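Asker: This is the structure, below, for whatever I ask next.
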Amino acid sequence: MENVILQTRGLTKRYGSFAALDSLDLTVQKGEVLGYLGPNGAGKTTTIRLLLGLIKPTSGGAEIFGLDAQKQKIAVHKRLAYVPGEATLWPQLTGAETLHLLAEIHGQVDAEYRNELIKRFQFEPDKKVRAYSKGNRQKINLIAAFASRADLLVLDEPTSGLDPLMEQVFRECVLEAKKNGQTVFLSSHILDEVEALCDRVAILRTGKLVEIGTLEQMRHLSAVTVSATFVHEPPSIKHLKGVSNVHITGQHITCQVVGPIDELLAVLSAAKPKTFLSREPSLEELFLSLYGAEDEHKS
Ligand SMILES: Nc1ncnc2c1ncn2[C@@H]1O[C@H](COP(=O)(O)OP(=O)(O)OP(=O)(O)O)[C@@H](O)[C@H]1O
Ligand SMILES: [Mg+2]
């Protein structure tokens, strides 16, 4: 397909018998912002290193822009920009010199946009890199990546170290990149950020892709929280299909429901509720329920 920017097929990386990434099949479309999530050690950075051709897959492969990520990595890298979570840069250069050098490496830069980004990120380019704080070092990589206007931005926990104001600037930049038709692969632990930016979310757990979809689709995976207050004693709902975590305090009832809600609604409404509230899970709750499932498997 013409609009496919990135595709992996059975992408696998083993260290001995341990699979850091296990048969990943993933497709990212042009202009999409994909959130790549998972607990520590799930295999996110491993995936990114495979995509960048920094490590070799044990089996399977990846295509970026229709090119082989391993065999044609030079051609691939001309069209992508990568931001690691922890910037390793030349300590003796100034910020401005580093931005120049990174632009040379990228081979393309929108100088006007870069100057605008320097202002928006409140970055002081005249200091030596070794004198910058962690967050300020991180800004160098971000400014260089966004100013490259690369077709694909691969970001691995790019906002670690940024303060909330700068995190906001980062979000604007991602949305501008998207508007500009660029594609963004964003690995992050900041669920708010993912919720605000991503068209689709992929969740990795112990090297395996466990869920992928839009936030809307994902929300159905987790329970909806329902609460209601009654004039009299709340009705009995524990036996209803999909209903769990029922708590009754006086005339108030809360519970969670997975799947169709009609049966629960019928019972609640027959008991004439005074108040009723139903709430969809946040990405955070969704996450906790998916991560929690991992612990259940272990025990
Ligand atoms: N060179 C290596 N040798 C052995 N094991 C490795 C190597 N590199 C990574 N791993 C293991 O592969 C697994 C996945 O690591 P990875 O860095 O991809 O996780 P991650 O999802 O990026 O986690 P985090 O959120 O902490 O950044 C981990 O268990 C890690 O210990
Ligand atoms: Mg990582």
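Here's how to read the names in the structure tokens: chain A, B, ... by the order shown, residue numbers from 1 in each chain, ligand numbers from 1 in the order shown.
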I'd like the neighbourhood of Ile261 of chain A as a list of chain:residue names, where a residue qualifies if any of its atoms comes within 12 Å (using only C-alpha atoms), though same-chain residues fewer than 5 positions away should be ignored.

Answerer: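 In the requested form, the answer reads A:His220, A:Ala223, A:Val224, A:Thr225, A:Val226, A:Ile237, A:Leu240, A:Lys241, A:Gly242, A:Val243, A:Cys255, A:Gln256, A:Ala266, A:Val267, A:Leu268, A:Ser278.
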
Asker: Would you please give, as an NGL selection string, all residues of segment 16-244 of chain A that DSSP assigns to helix (DSSP H, G or I) based on the backbone?

Answerer: :A and (44-51 or 73-77 or 95-106 or 111-120 or 129-131 or 134-148 or 164-179 or 191-197 or 215-219)

Asker: Could you list the protein, DNA and RNA residues that have any atom within 9 Å of ligand 2, counting only C-alpha atoms and all ligand atoms, and write them as a list in words?

Answerer: Asn40, Gly41, Ala42, Gly43, Lys44, Thr45, Thr46, Ile48, Pro84, Gly85, Asp156, Glu157, Ser187 and Ser188 of chain A

Asker: Go ahead and write the selection's residues with N, CA and C atoms as a PDB file, in the first residue's frame.

Answerer:
```
ATOM      1  N   ASN A  40       8.416  -1.137  31.684  1.00  0.00           N
ATOM      2  CA  ASN A  40       9.878  -1.202  31.547  1.00  0.00           C
ATOM      3  C   ASN A  40      10.291  -2.599  31.094  1.00  0.00           C
ATOM      4  N   GLY A  41      11.169  -2.630  30.107  1.00  0.00           N
ATOM      5  CA  GLY A  41      11.687  -3.919  29.638  1.00  0.00           C
ATOM      6  C   GLY A  41      10.768  -4.646  28.672  1.00  0.00           C
ATOM      7  N   ALA A  42       9.688  -3.983  28.215  1.00  0.00           N
ATOM      8  CA  ALA A  42       8.721  -4.642  27.333  1.00  0.00           C
ATOM      9  C   ALA A  42       9.272  -4.877  25.929  1.00  0.00           C
ATOM     10  N   GLY A  43      10.260  -4.077  25.538  1.00  0.00           N
ATOM     11  CA  GLY A  43      10.831  -4.251  24.199  1.00  0.00           C
ATOM     12  C   GLY A  43      10.665  -3.045  23.291  1.00  0.00           C
ATOM     13  N   LYS A  44      10.303  -1.892  23.847  1.00  0.00           N
ATOM     14  CA  LYS A  44      10.075  -0.698  23.028  1.00  0.00           C
ATOM     15  C   LYS A  44      11.369  -0.201  22.389  1.00  0.00           C
ATOM     16  N   THR A  45      12.391  -0.028  23.213  1.00  0.00           N
ATOM     17  CA  THR A  45      13.662   0.457  22.672  1.00  0.00           C
ATOM     18  C   THR A  45      14.269  -0.577  21.732  1.00  0.00           C
ATOM     19  N   THR A  46      14.099  -1.843  22.055  1.00  0.00           N
ATOM     20  CA  THR A  46      14.580  -2.908  21.160  1.00  0.00           C
ATOM     21  C   THR A  46      13.932  -2.761  19.784  1.00  0.00           C
ATOM     22  N   ILE A  48      12.735  -0.064  18.429  1.00  0.00           N
ATOM     23  CA  ILE A  48      13.254   1.145  17.786  1.00  0.00           C
ATOM     24  C   ILE A  48      14.671   0.901  17.253  1.00  0.00           C
ATOM     25  N   PRO A  84      16.503   9.849  20.981  1.00  0.00           N
ATOM     26  CA  PRO A  84      16.558   8.907  22.107  1.00  0.00           C
ATOM     27  C   PRO A  84      16.184   9.612  23.405  1.00  0.00           C
ATOM     28  N   GLY A  85      15.830   8.840  24.403  1.00  0.00           N
ATOM     29  CA  GLY A  85      15.426   9.415  25.694  1.00  0.00           C
ATOM     30  C   GLY A  85      16.572  10.099  26.403  1.00  0.00           C
ATOM     31  N   ASP A 156      11.916   8.042  21.211  1.00  0.00           N
ATOM     32  CA  ASP A 156      11.943   7.058  22.304  1.00  0.00           C
ATOM     33  C   ASP A 156      11.957   7.791  23.643  1.00  0.00           C
ATOM     34  N   GLU A 157      10.818   7.888  24.282  1.00  0.00           N
ATOM     35  CA  GLU A 157      10.668   8.670  25.523  1.00  0.00           C
ATOM     36  C   GLU A 157      11.307  10.053  25.377  1.00  0.00           C
ATOM     37  N   SER A 187       7.370   6.389  21.470  1.00  0.00           N
ATOM     38  CA  SER A 187       7.386   5.529  22.649  1.00  0.00           C
ATOM     39  C   SER A 187       7.369   6.419  23.874  1.00  0.00           C
ATOM     40  N   SER A 188       6.478   6.124  24.818  1.00  0.00           N
ATOM     41  CA  SER A 188       6.323   7.030  25.952  1.00  0.00           C
ATOM     42  C   SER A 188       5.749   6.317  27.165  1.00  0.00           C
TER      43      SER A 188
END
```

Asker: Report, in Å to a single decimal, how far apart atom CA of Ala177 of chain A and atom CA of Glu104 of chain A are.

Answerer: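 Going from atom CA of Glu104 of chain A over to atom CA of Ala177 of chain A covers 20.3 Å.
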
Asker: As a count of residues only, please: every protein or nucleic acid residue near ligand 1 (cut-off 12 Å, counting only C-alpha atoms and all ligand atoms).

Answerer: 50

Asker: Between A:Ala96, A:Val154, A:Ala131, A:Ile118, which is the closest to Ile64 of chain A once you count only C-alpha atoms?

Answerer: A:Val154

Asker: Would you kindly return, as a PyMOL selection string, each protein, DNA or RNA residue with an atom no farther than 10 Å from any atom of Leu6 of chain A, considering only C-alpha atoms and excluding same-chain residues fewer than 4 positions away?

Answerer: chain A and resi 26-30+51+62-67+69+152+183+185

Asker: Could the residues in this selection be saved with C-alpha atoms as a JSON list (two decimals), in the first residue's frame?

Answerer:
```json
[["chain", "number", "residue", "atom", "x", "y", "z"],
["A", 26, "LEU", "CA", 2.92, -3.71, 12.93],
["A", 27, "THR", "CA", 1.89, -1.28, 10.22],
["A", 28, "VAL", "CA", 2.05, 2.51, 10.49],
["A", 29, "GLN", "CA", 0.33, 4.71, 7.92],
["A", 30, "LYS", "CA", 1.51, 8.03, 6.56],
["A", 51, "LEU", "CA", 13.85, -0.15, 13.02],
["A", 62, "ALA", "CA", 11.04, -4.26, 8.90],
["A", 63, "GLU", "CA", 10.39, -2.02, 5.93],
["A", 64, "ILE", "CA", 10.41, 1.75, 6.20],
["A", 65, "PHE", "CA", 9.31, 3.78, 3.15],
["A", 66, "GLY", "CA", 9.19, 0.42, 1.38],
["A", 67, "LEU", "CA", 12.92, -0.07, 1.99],
["A", 69, "ALA", "CA", 15.45, -1.28, 7.44],
["A", 152, "LEU", "CA", 9.28, 9.82, 9.91],
["A", 183, "THR", "CA", 4.55, 10.26, 10.58],
["A", 185, "PHE", "CA", 6.42, 6.74, 16.15]]
```

Asker: Between A:Glu211, A:Phe170, A:Arg114, A:Leu286, which one has atoms that come closest to Leu24 of chain A, using only C-alpha atoms?

Answerer: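 Looking only at the distances to Leu24 of chain A, the closest residue turns out to be A:Glu211.
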
Asker: Give the answer as one residue: which of A:Lys71, A:His239, A:Ala228, A:Glu284 has the shortest atom-to-atom distance to Ser269 of chain A, using only C-alpha atoms?

Answerer: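 Among the listed residues, the smallest separation from Ser269 of chain A belongs to A:Ala228.
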
Asker: Quick one: pull the distance between atom CA of Asn136 of chain A and atom CA of Ala81 of chain A, Å, one decimal.

Answerer: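 Atom CA of Asn136 of chain A sits 18.5 Å away from atom CA of Ala81 of chain A.
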
Asker: Ranking A:Thr8, A:Ser227, A:Gln217, A:Gln70 by minimum distance to Thr249 of chain A and counting only C-alpha atoms, which one comes first?

Answerer: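 Nearest candidate to Thr249 of chain A out of A:Thr8, A:Ser227, A:Gln217, A:Gln70: A:Ser227.
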
Asker: Going by DSSP on the backbone, which bits of segment 63-253 of chain A are strand (DSSP E)? Write them as a VMD selection string, please.

Answerer: chain A and resid 63 to 64 67 to 68 80 to 83 152 to 156 183 to 187 200 to 205 208 to 213 224 to 230 243 to 249 252 to 253

Asker: Would you please work out which residue, of A:His252, A:Arg79, A:Lys272, A:Lys73, is nearest to Asp151 of chain A when using only C-alpha atoms?

Answerer: A:Arg79
